[in-house]
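This is run_35.tsv. It holds TSV, N, CA and C atoms.
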chain	number	residue	atom	x	y	z
A	1	MET	N	3.81	-4.03	27.07
A	1	MET	CA	5.19	-4.34	27.30
A	1	MET	C	5.50	-4.45	28.79
A	2	LYS	N	4.78	-3.73	29.62
A	2	LYS	CA	5.06	-3.77	31.04
A	2	LYS	C	4.73	-5.12	31.64
A	3	GLU	N	3.75	-5.82	31.09
A	3	GLU	CA	3.33	-7.09	31.65
A	3	GLU	C	4.34	-8.21	31.43
A	4	VAL	N	4.97	-8.24	30.27
A	4	VAL	CA	5.87	-9.33	29.94
A	4	VAL	C	7.27	-9.09	30.49
A	5	GLY	N	7.79	-7.89	30.35
A	5	GLY	CA	9.10	-7.57	30.88
A	5	GLY	C	10.24	-7.74	29.89
A	6	SER	N	10.12	-8.63	28.89
A	6	SER	CA	11.18	-8.76	27.89
A	6	SER	C	10.60	-9.31	26.59
A	7	TYR	N	11.22	-8.93	25.50
A	7	TYR	CA	10.85	-9.38	24.17
A	7	TYR	C	12.13	-9.69	23.40
A	8	THR	N	12.05	-10.59	22.45
A	8	THR	CA	13.19	-10.89	21.59
A	8	THR	C	12.76	-10.81	20.14
A	9	PHE	N	13.72	-10.54	19.25
A	9	PHE	CA	13.47	-10.55	17.82
A	9	PHE	C	14.79	-10.81	17.12
A	10	ASP	N	14.70	-11.26	15.88
A	10	ASP	CA	15.87	-11.55	15.07
A	10	ASP	C	16.24	-10.28	14.31
A	11	ALA	N	17.37	-9.68	14.61
A	11	ALA	CA	17.80	-8.44	13.97
A	11	ALA	C	18.91	-8.69	12.96
A	12	SER	N	18.98	-9.88	12.40
A	12	SER	CA	20.04	-10.17	11.43
A	12	SER	C	19.88	-9.29	10.20
A	13	GLY	N	20.95	-8.67	9.80
A	13	GLY	CA	20.94	-7.81	8.63
A	13	GLY	C	20.42	-6.41	8.89
A	14	VAL	N	20.12	-6.08	10.12
A	14	VAL	CA	19.60	-4.76	10.46
A	14	VAL	C	20.59	-4.04	11.36
A	15	ASP	N	20.95	-2.81	10.97
A	15	ASP	CA	21.91	-2.04	11.77
A	15	ASP	C	21.25	-1.28	12.91
A	16	GLN	N	20.02	-0.83	12.67
A	16	GLN	CA	19.35	-0.01	13.66
A	16	GLN	C	17.88	-0.40	13.76
A	17	PHE	N	17.30	-0.11	14.89
A	17	PHE	CA	15.87	-0.26	15.06
A	17	PHE	C	15.43	0.70	16.15
A	18	ARG	N	14.14	0.98	16.18
A	18	ARG	CA	13.58	1.86	17.19
A	18	ARG	C	12.36	1.18	17.80
A	19	ILE	N	12.11	1.47	19.05
A	19	ILE	CA	10.91	1.01	19.72
A	19	ILE	C	10.14	2.25	20.15
A	20	PHE	N	8.90	2.33	19.74
A	20	PHE	CA	8.03	3.43	20.14
A	20	PHE	C	6.98	2.88	21.08
A	21	PHE	N	6.80	3.55	22.20
A	21	PHE	CA	5.84	3.11	23.20
A	21	PHE	C	5.04	4.32	23.65
A	22	GLY	N	3.73	4.22	23.60
A	22	GLY	CA	2.88	5.31	24.03
A	22	GLY	C	1.47	5.11	23.55
A	23	ASP	N	0.64	6.14	23.74
A	23	ASP	CA	-0.75	6.03	23.29
A	23	ASP	C	-0.83	6.25	21.78
A	24	ASP	N	-2.02	6.08	21.21
A	24	ASP	CA	-2.20	6.17	19.76
A	24	ASP	C	-1.79	7.52	19.20
A	25	THR	N	-2.07	8.60	19.91
A	25	THR	CA	-1.72	9.94	19.43
A	25	THR	C	-0.21	10.09	19.35
A	26	PHE	N	0.50	9.66	20.37
A	26	PHE	CA	1.95	9.74	20.37
A	26	PHE	C	2.54	8.93	19.22
A	27	ILE	N	2.07	7.70	19.05
A	27	ILE	CA	2.60	6.82	18.00
A	27	ILE	C	2.34	7.41	16.62
A	28	SER	N	1.12	7.90	16.37
A	28	SER	CA	0.82	8.45	15.04
A	28	SER	C	1.65	9.70	14.75
A	29	ASN	N	1.99	10.49	15.77
A	29	ASN	CA	2.84	11.67	15.57
A	29	ASN	C	4.29	11.28	15.30
A	30	GLU	N	4.76	10.20	15.90
A	30	GLU	CA	6.15	9.77	15.74
A	30	GLU	C	6.39	8.98	14.46
A	31	LEU	N	5.39	8.28	13.96
A	31	LEU	CA	5.57	7.38	12.82
A	31	LEU	C	4.93	7.91	11.55
A	32	LYS	N	5.40	9.04	11.10
A	32	LYS	CA	4.87	9.62	9.87
A	32	LYS	C	5.76	9.18	8.71
A	33	PRO	N	5.15	8.77	7.58
A	33	PRO	CA	5.97	8.36	6.44
A	33	PRO	C	6.76	9.54	5.88
A	34	SER	N	7.95	9.25	5.36
A	34	SER	CA	8.80	10.32	4.83
A	34	SER	C	8.78	10.39	3.30
A	35	SER	N	8.15	9.41	2.65
A	35	SER	CA	8.10	9.42	1.19
A	35	SER	C	6.87	8.65	0.71
A	36	ILE	N	6.57	8.80	-0.58
A	36	ILE	CA	5.50	8.03	-1.19
A	36	ILE	C	6.04	6.64	-1.47
A	37	THR	N	5.32	5.62	-1.02
A	37	THR	CA	5.70	4.26	-1.35
A	37	THR	C	4.48	3.52	-1.88
A	38	PHE	N	4.74	2.59	-2.77
A	38	PHE	CA	3.70	1.71	-3.32
A	38	PHE	C	4.20	0.30	-3.08
A	39	GLY	N	3.69	-0.31	-2.02
A	39	GLY	CA	4.18	-1.62	-1.61
A	39	GLY	C	3.77	-2.71	-2.58
A	40	HIS	N	4.43	-3.84	-2.46
A	40	HIS	CA	4.07	-5.01	-3.26
A	40	HIS	C	2.77	-5.59	-2.72
A	41	GLY	N	1.83	-5.85	-3.62
A	41	GLY	CA	0.58	-6.47	-3.20
A	41	GLY	C	0.86	-7.85	-2.62
A	42	TYR	N	0.14	-8.21	-1.60
A	42	TYR	CA	0.36	-9.52	-0.97
A	42	TYR	C	-0.97	-10.17	-0.66
A	43	PRO	N	-1.05	-11.50	-0.68
A	43	PRO	CA	0.01	-12.40	-1.12
A	43	PRO	C	0.16	-12.30	-2.64
A	44	ASN	N	1.32	-12.60	-3.13
A	44	ASN	CA	1.57	-12.57	-4.56
A	44	ASN	C	2.44	-13.77	-4.92
A	45	PRO	N	1.91	-14.75	-5.60
A	45	PRO	CA	0.63	-14.82	-6.28
A	45	PRO	C	-0.55	-14.91	-5.31
A	46	PHE	N	-1.74	-14.51	-5.81
A	46	PHE	CA	-2.94	-14.53	-4.98
A	46	PHE	C	-4.04	-15.30	-5.70
A	47	ARG	N	-5.01	-15.75	-4.92
A	47	ARG	CA	-6.16	-16.45	-5.52
A	47	ARG	C	-7.32	-15.49	-5.74
A	48	ASP	N	-7.83	-14.91	-4.67
A	48	ASP	CA	-9.00	-14.05	-4.77
A	48	ASP	C	-8.77	-12.68	-4.15
A	49	GLN	N	-8.10	-12.64	-2.99
A	49	GLN	CA	-7.95	-11.42	-2.21
A	49	GLN	C	-6.51	-10.92	-2.28
A	50	LEU	N	-6.33	-9.63	-2.56
A	50	LEU	CA	-5.01	-8.99	-2.62
A	50	LEU	C	-5.04	-7.75	-1.76
A	51	THR	N	-4.00	-7.53	-0.96
A	51	THR	CA	-3.86	-6.34	-0.13
A	51	THR	C	-2.72	-5.50	-0.68
A	52	ILE	N	-2.97	-4.21	-0.88
A	52	ILE	CA	-2.01	-3.32	-1.51
A	52	ILE	C	-1.70	-2.17	-0.54
A	53	PRO	N	-0.47	-2.13	0.00
A	53	PRO	CA	-0.12	-1.05	0.92
A	53	PRO	C	0.50	0.15	0.19
A	54	PHE	N	0.26	1.35	0.73
A	54	PHE	CA	0.95	2.54	0.22
A	54	PHE	C	1.04	3.59	1.32
A	55	THR	N	2.02	4.48	1.18
A	55	THR	CA	2.19	5.56	2.16
A	55	THR	C	2.27	6.90	1.44
A	56	LEU	N	1.87	7.95	2.15
A	56	LEU	CA	1.92	9.31	1.64
A	56	LEU	C	2.56	10.19	2.70
A	57	PRO	N	3.61	10.96	2.36
A	57	PRO	CA	4.30	11.78	3.36
A	57	PRO	C	3.52	13.03	3.74
A	58	GLU	N	3.98	13.69	4.78
A	58	GLU	CA	3.39	14.94	5.25
A	58	GLU	C	3.44	15.97	4.13
A	59	SER	N	2.34	16.69	3.91
A	59	SER	CA	2.26	17.67	2.84
A	59	SER	C	1.29	18.77	3.25
A	60	HIS	N	1.40	19.90	2.55
A	60	HIS	CA	0.48	21.00	2.81
A	60	HIS	C	-0.86	20.81	2.12
A	61	SER	N	-0.91	19.87	1.18
A	61	SER	CA	-2.16	19.62	0.46
A	61	SER	C	-2.47	18.12	0.51
A	62	SER	N	-3.69	17.78	0.13
A	62	SER	CA	-4.05	16.36	0.09
A	62	SER	C	-3.53	15.75	-1.21
A	63	TYR	N	-3.56	14.43	-1.26
A	63	TYR	CA	-3.11	13.69	-2.44
A	63	TYR	C	-4.31	13.07	-3.14
A	64	LYS	N	-4.32	13.15	-4.44
A	64	LYS	CA	-5.30	12.43	-5.26
A	64	LYS	C	-4.63	11.11	-5.64
A	65	VAL	N	-5.22	9.97	-5.20
A	65	VAL	CA	-4.62	8.66	-5.44
A	65	VAL	C	-5.57	7.83	-6.29
A	66	ASN	N	-5.01	7.25	-7.35
A	66	ASN	CA	-5.76	6.38	-8.25
A	66	ASN	C	-4.99	5.07	-8.35
A	67	ILE	N	-5.63	3.96	-8.00
A	67	ILE	CA	-5.02	2.64	-8.16
A	67	ILE	C	-5.93	1.81	-9.04
A	68	SER	N	-5.36	1.29	-10.13
A	68	SER	CA	-6.11	0.50	-11.10
A	68	SER	C	-5.35	-0.78	-11.40
A	69	VAL	N	-6.07	-1.76	-11.95
A	69	VAL	CA	-5.50	-3.03	-12.38
A	69	VAL	C	-5.63	-3.13	-13.89
A	70	TYR	N	-4.54	-3.52	-14.56
A	70	TYR	CA	-4.51	-3.67	-16.01
A	70	TYR	C	-4.07	-5.08	-16.38
A	71	ASP	N	-4.58	-5.57	-17.53
A	71	ASP	CA	-4.06	-6.84	-18.03
A	71	ASP	C	-2.81	-6.54	-18.86
A	72	LEU	N	-2.17	-7.56	-19.40
A	72	LEU	CA	-0.91	-7.36	-20.11
A	72	LEU	C	-1.07	-6.71	-21.48
A	73	THR	N	-2.30	-6.59	-21.96
A	73	THR	CA	-2.52	-5.87	-23.22
A	73	THR	C	-2.70	-4.37	-22.97
A	74	GLY	N	-2.73	-3.97	-21.69
A	74	GLY	CA	-2.92	-2.56	-21.34
A	74	GLY	C	-4.37	-2.18	-21.10
A	75	LYS	N	-5.27	-3.14	-21.16
A	75	LYS	CA	-6.70	-2.86	-20.92
A	75	LYS	C	-6.95	-2.78	-19.42
A	76	LYS	N	-7.67	-1.72	-19.01
A	76	LYS	CA	-8.00	-1.57	-17.59
A	76	LYS	C	-9.01	-2.63	-17.20
A	77	VAL	N	-8.67	-3.41	-16.17
A	77	VAL	CA	-9.54	-4.46	-15.66
A	77	VAL	C	-10.50	-3.89	-14.63
A	78	THR	N	-9.96	-3.09	-13.71
A	78	THR	CA	-10.80	-2.50	-12.67
A	78	THR	C	-10.12	-1.28	-12.05
A	79	LEU	N	-10.93	-0.38	-11.54
A	79	LEU	CA	-10.47	0.77	-10.77
A	79	LEU	C	-10.69	0.44	-9.31
A	80	LEU	N	-9.61	0.43	-8.53
A	80	LEU	CA	-9.73	0.09	-7.10
A	80	LEU	C	-10.05	1.33	-6.26
A	81	ILE	N	-9.32	2.41	-6.47
A	81	ILE	CA	-9.62	3.66	-5.75
A	81	ILE	C	-9.32	4.85	-6.64
A	82	ASP	N	-10.02	5.94	-6.41
A	82	ASP	CA	-9.77	7.22	-7.06
A	82	ASP	C	-10.29	8.27	-6.08
A	83	GLU	N	-9.47	8.55	-5.06
A	83	GLU	CA	-9.92	9.38	-3.94
A	83	GLU	C	-8.81	10.30	-3.45
A	84	ASN	N	-9.20	11.27	-2.63
A	84	ASN	CA	-8.24	12.15	-1.96
A	84	ASN	C	-7.84	11.55	-0.62
A	85	TYR	N	-6.55	11.65	-0.29
A	85	TYR	CA	-6.02	11.12	0.96
A	85	TYR	C	-5.10	12.15	1.60
A	86	ALA	N	-5.06	12.15	2.93
A	86	ALA	CA	-4.07	12.91	3.68
A	86	ALA	C	-2.82	12.05	3.83
A	87	SER	N	-1.79	12.58	4.42
A	87	SER	CA	-0.58	11.78	4.63
A	87	SER	C	-0.89	10.64	5.59
A	88	GLY	N	-0.16	9.53	5.45
A	88	GLY	CA	-0.36	8.41	6.35
A	88	GLY	C	-0.07	7.08	5.69
A	89	TYR	N	-0.41	6.01	6.41
A	89	TYR	CA	-0.23	4.64	5.96
A	89	TYR	C	-1.60	4.08	5.57
A	90	TYR	N	-1.67	3.44	4.41
A	90	TYR	CA	-2.95	2.95	3.91
A	90	TYR	C	-2.80	1.55	3.30
A	91	THR	N	-3.92	0.84	3.23
A	91	THR	CA	-3.99	-0.40	2.47
A	91	THR	C	-5.30	-0.40	1.69
A	92	VAL	N	-5.25	-0.99	0.51
A	92	VAL	CA	-6.43	-1.18	-0.32
A	92	VAL	C	-6.59	-2.68	-0.50
A	93	ASN	N	-7.79	-3.18	-0.31
A	93	ASN	CA	-8.05	-4.61	-0.51
A	93	ASN	C	-8.84	-4.80	-1.79
A	94	TRP	N	-8.43	-5.80	-2.57
A	94	TRP	CA	-9.13	-6.14	-3.79
A	94	TRP	C	-9.56	-7.59	-3.71
A	95	ASN	N	-10.86	-7.81	-3.77
A	95	ASN	CA	-11.40	-9.15	-3.86
A	95	ASN	C	-11.81	-9.34	-5.31
A	96	SER	N	-11.01	-10.08	-6.06
A	96	SER	CA	-11.25	-10.24	-7.50
A	96	SER	C	-12.54	-10.99	-7.80
A	97	LEU	N	-13.07	-11.74	-6.84
A	97	LEU	CA	-14.33	-12.45	-7.06
A	97	LEU	C	-15.53	-11.52	-7.04
A	98	GLU	N	-15.41	-10.39	-6.32
A	98	GLU	CA	-16.51	-9.43	-6.23
A	98	GLU	C	-16.50	-8.43	-7.37
A	99	ASP	N	-15.45	-8.48	-8.20
A	99	ASP	CA	-15.31	-7.54	-9.30
A	99	ASP	C	-16.30	-7.87	-10.41
A	100	LYS	N	-16.82	-6.85	-11.08
A	100	LYS	CA	-17.75	-7.06	-12.19
A	100	LYS	C	-17.05	-7.69	-13.39
A	101	ALA	N	-15.78	-7.37	-13.58
A	101	ALA	CA	-15.01	-7.94	-14.69
A	101	ALA	C	-14.60	-9.37	-14.34
A	102	VAL	N	-14.50	-10.20	-15.36
A	102	VAL	CA	-14.02	-11.56	-15.15
A	102	VAL	C	-12.50	-11.50	-15.07
A	103	VAL	N	-11.97	-11.90	-13.94
A	103	VAL	CA	-10.53	-11.83	-13.72
A	103	VAL	C	-10.02	-13.27	-13.63
A	104	GLY	N	-9.43	-13.73	-14.72
A	104	GLY	CA	-8.93	-15.10	-14.75
A	104	GLY	C	-7.50	-15.19	-14.26
A	105	LYS	N	-6.98	-16.38	-14.26
A	105	LYS	CA	-5.59	-16.59	-13.86
A	105	LYS	C	-4.68	-15.87	-14.84
A	106	GLY	N	-3.57	-15.35	-14.32
A	106	GLY	CA	-2.62	-14.68	-15.20
A	106	GLY	C	-1.84	-13.58	-14.50
A	107	ILE	N	-1.11	-12.83	-15.30
A	107	ILE	CA	-0.28	-11.74	-14.81
A	107	ILE	C	-1.01	-10.43	-15.07
A	108	TYR	N	-1.02	-9.56	-14.06
A	108	TYR	CA	-1.67	-8.26	-14.15
A	108	TYR	C	-0.71	-7.19	-13.65
A	109	ILE	N	-1.02	-5.95	-13.99
A	109	ILE	CA	-0.21	-4.80	-13.57
A	109	ILE	C	-1.07	-3.90	-12.67
A	110	LEU	N	-0.53	-3.60	-11.48
A	110	LEU	CA	-1.14	-2.59	-10.59
A	110	LEU	C	-0.50	-1.26	-10.94
A	111	LYS	N	-1.30	-0.23	-11.07
A	111	LYS	CA	-0.79	1.10	-11.37
A	111	LYS	C	-1.34	2.08	-10.35
A	112	MET	N	-0.44	2.82	-9.69
A	112	MET	CA	-0.85	3.85	-8.74
A	112	MET	C	-0.37	5.20	-9.27
A	113	VAL	N	-1.30	6.15	-9.38
A	113	VAL	CA	-0.98	7.52	-9.78
A	113	VAL	C	-1.28	8.41	-8.59
A	114	VAL	N	-0.28	9.22	-8.19
A	114	VAL	CA	-0.42	10.12	-7.05
A	114	VAL	C	-0.20	11.55	-7.54
A	115	ASN	N	-1.17	12.42	-7.29
A	115	ASN	CA	-1.07	13.82	-7.68
A	115	ASN	C	-1.36	14.71	-6.48
A	116	SER	N	-0.62	15.82	-6.39
A	116	SER	CA	-0.90	16.88	-5.43
A	116	SER	C	-0.41	18.17	-6.06
A	117	ASP	N	-0.38	19.24	-5.27
A	117	ASP	CA	0.12	20.52	-5.79
A	117	ASP	C	1.58	20.42	-6.21
A	118	GLU	N	2.36	19.59	-5.51
A	118	GLU	CA	3.80	19.51	-5.76
A	118	GLU	C	4.24	18.23	-6.45
A	119	ILE	N	3.38	17.22	-6.53
A	119	ILE	CA	3.81	15.88	-6.94
A	119	ILE	C	2.92	15.32	-8.04
A	120	ASN	N	3.55	14.64	-8.98
A	120	ASN	CA	2.83	13.86	-9.99
A	120	ASN	C	3.68	12.61	-10.22
A	121	ARG	N	3.32	11.50	-9.57
A	121	ARG	CA	4.12	10.28	-9.63
A	121	ARG	C	3.27	9.11	-10.09
A	122	VAL	N	3.92	8.16	-10.81
A	122	VAL	CA	3.27	6.95	-11.27
A	122	VAL	C	4.12	5.76	-10.84
A	123	PHE	N	3.47	4.74	-10.27
A	123	PHE	CA	4.14	3.53	-9.80
A	123	PHE	C	3.44	2.33	-10.42
A	124	THR	N	4.18	1.28	-10.69
A	124	THR	CA	3.58	0.04	-11.19
A	124	THR	C	4.16	-1.15	-10.45
A	125	ARG	N	3.36	-2.20	-10.36
A	125	ARG	CA	3.75	-3.47	-9.74
A	125	ARG	C	3.13	-4.61	-10.53
A	126	LYS	N	3.85	-5.72	-10.60
A	126	LYS	CA	3.32	-6.92	-11.26
A	126	LYS	C	2.68	-7.81	-10.21
A	127	ILE	N	1.50	-8.35	-10.52
A	127	ILE	CA	0.83	-9.30	-9.64
A	127	ILE	C	0.43	-10.52	-10.46
A	128	ILE	N	0.33	-11.66	-9.79
A	128	ILE	CA	-0.03	-12.90	-10.44
A	128	ILE	C	-1.26	-13.48	-9.76
A	129	LYS	N	-2.30	-13.74	-10.56
A	129	LYS	CA	-3.52	-14.36	-10.04
A	129	LYS	C	-3.48	-15.85	-10.37
A	130	GLN	N	-3.67	-16.66	-9.34
A	130	GLN	CA	-3.69	-18.12	-9.52
A	130	GLN	C	-5.08	-18.62	-9.82
Can the structure from this file be put into structure tokens for me?
Amino acid sequence: MKEVGSYTFDASGVDQFRIFFGDDTFISNELKPSSITFGHGYPNPFRDQLTIPFTLPESHSSYKVNISVYDLTGKKVTLLIDENYASGYYTVNWNSLEDKAVVGKGIYILKMVVNSDEINRVFTRKIIKQ
């Protein structure tokens, strides 16, 4: 930021914004998620590659996160992750061409299950494969 001296952005529809400037440690301490989120996979519709963002808030314990893909009949197509995570911002990438299951064009459901000592949450999202 020091090199350019000025930046512009379109803030239409936004009441507030913040700018954080500092080293990686400072930024990671300032930008901690405040809730569990399961973002929309993008791009959607997708051809082969899908990116799925999610966040986990600060907690005294780790989170067990499971993200799976289901077809519309409820059959599990693939398991993307089933791991423990600390709080933070994450993305999971799915390349449907590398999957052992045949994933044809159509509508699928992403399901994320998050468990910890205090939390048991389930989220779903619709995705479309072209």
Discussion item. Report, in Å to a single decimal, how far apart CA of Val65 (chain A) and CA of Asn84 (chain A) are.
Written reply: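 According to the coordinates, CA of Asn84 (chain A) and CA of Val65 (chain A) are separated by 6.1 Å.
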Could you write out, as a compact mmCIF listing (two decimals) with N, CA and C atoms, keeping the file's coordinate frame, all the residues of chain A that DSSP marks as strand (DSSP E or B)?
# COMPACT_ATOMS: atom_id res chain seq x y z
N THR A 37 5.32 5.62 -1.02
CA THR A 37 5.70 4.26 -1.35
C THR A 37 4.48 3.52 -1.88
N PHE A 38 4.74 2.59 -2.77
CA PHE A 38 3.70 1.71 -3.32
C PHE A 38 4.20 0.30 -3.08
N TYR A 42 0.14 -8.21 -1.60
CA TYR A 42 0.36 -9.52 -0.97
C TYR A 42 -0.97 -10.17 -0.66
N PHE A 46 -1.74 -14.51 -5.81
CA PHE A 46 -2.94 -14.53 -4.98
C PHE A 46 -4.04 -15.30 -5.70
N GLN A 49 -8.10 -12.64 -2.99
CA GLN A 49 -7.95 -11.42 -2.21
C GLN A 49 -6.51 -10.92 -2.28
N LEU A 50 -6.33 -9.63 -2.56
CA LEU A 50 -5.01 -8.99 -2.62
C LEU A 50 -5.04 -7.75 -1.76
N THR A 51 -4.00 -7.53 -0.96
CA THR A 51 -3.86 -6.34 -0.13
C THR A 51 -2.72 -5.50 -0.68
N ILE A 52 -2.97 -4.21 -0.88
CA ILE A 52 -2.01 -3.32 -1.51
C ILE A 52 -1.70 -2.17 -0.54
N PRO A 53 -0.47 -2.13 0.00
CA PRO A 53 -0.12 -1.05 0.92
C PRO A 53 0.50 0.15 0.19
N PHE A 54 0.26 1.35 0.73
CA PHE A 54 0.95 2.54 0.22
C PHE A 54 1.04 3.59 1.32
N THR A 55 2.02 4.48 1.18
CA THR A 55 2.19 5.56 2.16
C THR A 55 2.27 6.90 1.44
N LEU A 56 1.87 7.95 2.15
CA LEU A 56 1.92 9.31 1.64
C LEU A 56 2.56 10.19 2.70
N TYR A 63 -3.56 14.43 -1.26
CA TYR A 63 -3.11 13.69 -2.44
C TYR A 63 -4.31 13.07 -3.14
N LYS A 64 -4.32 13.15 -4.44
CA LYS A 64 -5.30 12.43 -5.26
C LYS A 64 -4.63 11.11 -5.64
N VAL A 65 -5.22 9.97 -5.20
CA VAL A 65 -4.62 8.66 -5.44
C VAL A 65 -5.57 7.83 -6.29
N ASN A 66 -5.01 7.25 -7.35
CA ASN A 66 -5.76 6.38 -8.25
C ASN A 66 -4.99 5.07 -8.35
N ILE A 67 -5.63 3.96 -8.00
CA ILE A 67 -5.02 2.64 -8.16
C ILE A 67 -5.93 1.81 -9.04
N SER A 68 -5.36 1.29 -10.13
CA SER A 68 -6.11 0.50 -11.10
C SER A 68 -5.35 -0.78 -11.40
N VAL A 69 -6.07 -1.76 -11.95
CA VAL A 69 -5.50 -3.03 -12.38
C VAL A 69 -5.63 -3.13 -13.89
N TYR A 70 -4.54 -3.52 -14.56
CA TYR A 70 -4.51 -3.67 -16.01
C TYR A 70 -4.07 -5.08 -16.38
N LYS A 76 -7.67 -1.72 -19.01
CA LYS A 76 -8.00 -1.57 -17.59
C LYS A 76 -9.01 -2.63 -17.20
N VAL A 77 -8.67 -3.41 -16.17
CA VAL A 77 -9.54 -4.46 -15.66
C VAL A 77 -10.50 -3.89 -14.63
N THR A 78 -9.96 -3.09 -13.71
CA THR A 78 -10.80 -2.50 -12.67
C THR A 78 -10.12 -1.28 -12.05
N LEU A 79 -10.93 -0.38 -11.54
CA LEU A 79 -10.47 0.77 -10.77
C LEU A 79 -10.69 0.44 -9.31
N LEU A 80 -9.61 0.43 -8.53
CA LEU A 80 -9.73 0.09 -7.10
C LEU A 80 -10.05 1.33 -6.26
N ILE A 81 -9.32 2.41 -6.47
CA ILE A 81 -9.62 3.66 -5.75
C ILE A 81 -9.32 4.85 -6.64
N ASP A 82 -10.02 5.94 -6.41
CA ASP A 82 -9.77 7.22 -7.06
C ASP A 82 -10.29 8.27 -6.08
N GLU A 83 -9.47 8.55 -5.06
CA GLU A 83 -9.92 9.38 -3.94
C GLU A 83 -8.81 10.30 -3.45
N ASN A 84 -9.20 11.27 -2.63
CA ASN A 84 -8.24 12.15 -1.96
C ASN A 84 -7.84 11.55 -0.62
N TYR A 85 -6.55 11.65 -0.29
CA TYR A 85 -6.02 11.12 0.96
C TYR A 85 -5.10 12.15 1.60
N GLY A 88 -0.16 9.53 5.45
CA GLY A 88 -0.36 8.41 6.35
C GLY A 88 -0.07 7.08 5.69
N TYR A 89 -0.41 6.01 6.41
CA TYR A 89 -0.23 4.64 5.96
C TYR A 89 -1.60 4.08 5.57
N TYR A 90 -1.67 3.44 4.41
CA TYR A 90 -2.95 2.95 3.91
C TYR A 90 -2.80 1.55 3.30
N THR A 91 -3.92 0.84 3.23
CA THR A 91 -3.99 -0.40 2.47
C THR A 91 -5.30 -0.40 1.69
N VAL A 92 -5.25 -0.99 0.51
CA VAL A 92 -6.43 -1.18 -0.32
C VAL A 92 -6.59 -2.68 -0.50
N ASN A 93 -7.79 -3.18 -0.31
CA ASN A 93 -8.05 -4.61 -0.51
C ASN A 93 -8.84 -4.80 -1.79
N TRP A 94 -8.43 -5.80 -2.57
CA TRP A 94 -9.13 -6.14 -3.79
C TRP A 94 -9.56 -7.59 -3.71
N ASN A 95 -10.86 -7.81 -3.77
CA ASN A 95 -11.40 -9.15 -3.86
C ASN A 95 -11.81 -9.34 -5.31
N GLY A 106 -3.57 -15.35 -14.32
CA GLY A 106 -2.62 -14.68 -15.20
C GLY A 106 -1.84 -13.58 -14.50
N ILE A 107 -1.11 -12.83 -15.30
CA ILE A 107 -0.28 -11.74 -14.81
C ILE A 107 -1.01 -10.43 -15.07
N TYR A 108 -1.02 -9.56 -14.06
CA TYR A 108 -1.67 -8.26 -14.15
C TYR A 108 -0.71 -7.19 -13.65
N ILE A 109 -1.02 -5.95 -13.99
CA ILE A 109 -0.21 -4.80 -13.57
C ILE A 109 -1.07 -3.90 -12.67
N LEU A 110 -0.53 -3.60 -11.48
CA LEU A 110 -1.14 -2.59 -10.59
C LEU A 110 -0.50 -1.26 -10.94
N LYS A 111 -1.30 -0.23 -11.07
CA LYS A 111 -0.79 1.10 -11.37
C LYS A 111 -1.34 2.08 -10.35
N MET A 112 -0.44 2.82 -9.69
CA MET A 112 -0.85 3.85 -8.74
C MET A 112 -0.37 5.20 -9.27
N VAL A 113 -1.30 6.15 -9.38
CA VAL A 113 -0.98 7.52 -9.78
C VAL A 113 -1.28 8.41 -8.59
N VAL A 114 -0.28 9.22 -8.19
CA VAL A 114 -0.42 10.12 -7.05
C VAL A 114 -0.20 11.55 -7.54
N ASN A 115 -1.17 12.42 -7.29
CA ASN A 115 -1.07 13.82 -7.68
C ASN A 115 -1.36 14.71 -6.48
N ASN A 120 3.55 14.64 -8.98
CA ASN A 120 2.83 13.86 -9.99
C ASN A 120 3.68 12.61 -10.22
N ARG A 121 3.32 11.50 -9.57
CA ARG A 121 4.12 10.28 -9.63
C ARG A 121 3.27 9.11 -10.09
N VAL A 122 3.92 8.16 -10.81
CA VAL A 122 3.27 6.95 -11.27
C VAL A 122 4.12 5.76 -10.84
N PHE A 123 3.47 4.74 -10.27
CA PHE A 123 4.14 3.53 -9.80
C PHE A 123 3.44 2.33 -10.42
N THR A 124 4.18 1.28 -10.69
CA THR A 124 3.58 0.04 -11.19
C THR A 124 4.16 -1.15 -10.45
N ARG A 125 3.36 -2.20 -10.36
CA ARG A 125 3.75 -3.47 -9.74
C ARG A 125 3.13 -4.61 -10.53
N LYS A 126 3.85 -5.72 -10.60
CA LYS A 126 3.32 -6.92 -11.26
C LYS A 126 2.68 -7.81 -10.21
N ILE A 127 1.50 -8.35 -10.52
CA ILE A 127 0.83 -9.30 -9.64
C ILE A 127 0.43 -10.52 -10.46
N ILE A 128 0.33 -11.66 -9.79
CA ILE A 128 -0.03 -12.90 -10.44
C ILE A 128 -1.26 -13.48 -9.76
N LYS A 129 -2.30 -13.74 -10.56
CA LYS A 129 -3.52 -14.36 -10.04
C LYS A 129 -3.48 -15.85 -10.37
Report the centre and edge lengths, in Å to one decimal, of an axis-aligned box enclosing every atom of region 25-39 of chain A listed in the file, padded by 3 Å on each side, as JSON.
{"center_x": 3.4, "center_y": 4.5, "center_z": 8.5, "size_x": 16.9, "size_y": 20.4, "size_z": 29.7}
Worksheet item: With all atoms listed in the file as the basis for distance, which of A:Asn93, A:Arg47, A:His40, A:Leu80 is at the shortest distance from Asn66 (chain A)?
Response: A:Leu80
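The two atoms in question, atom N of Val103 (chain A) and atom N of Thr55 (chain A), are spaced 26.3 Å apart.
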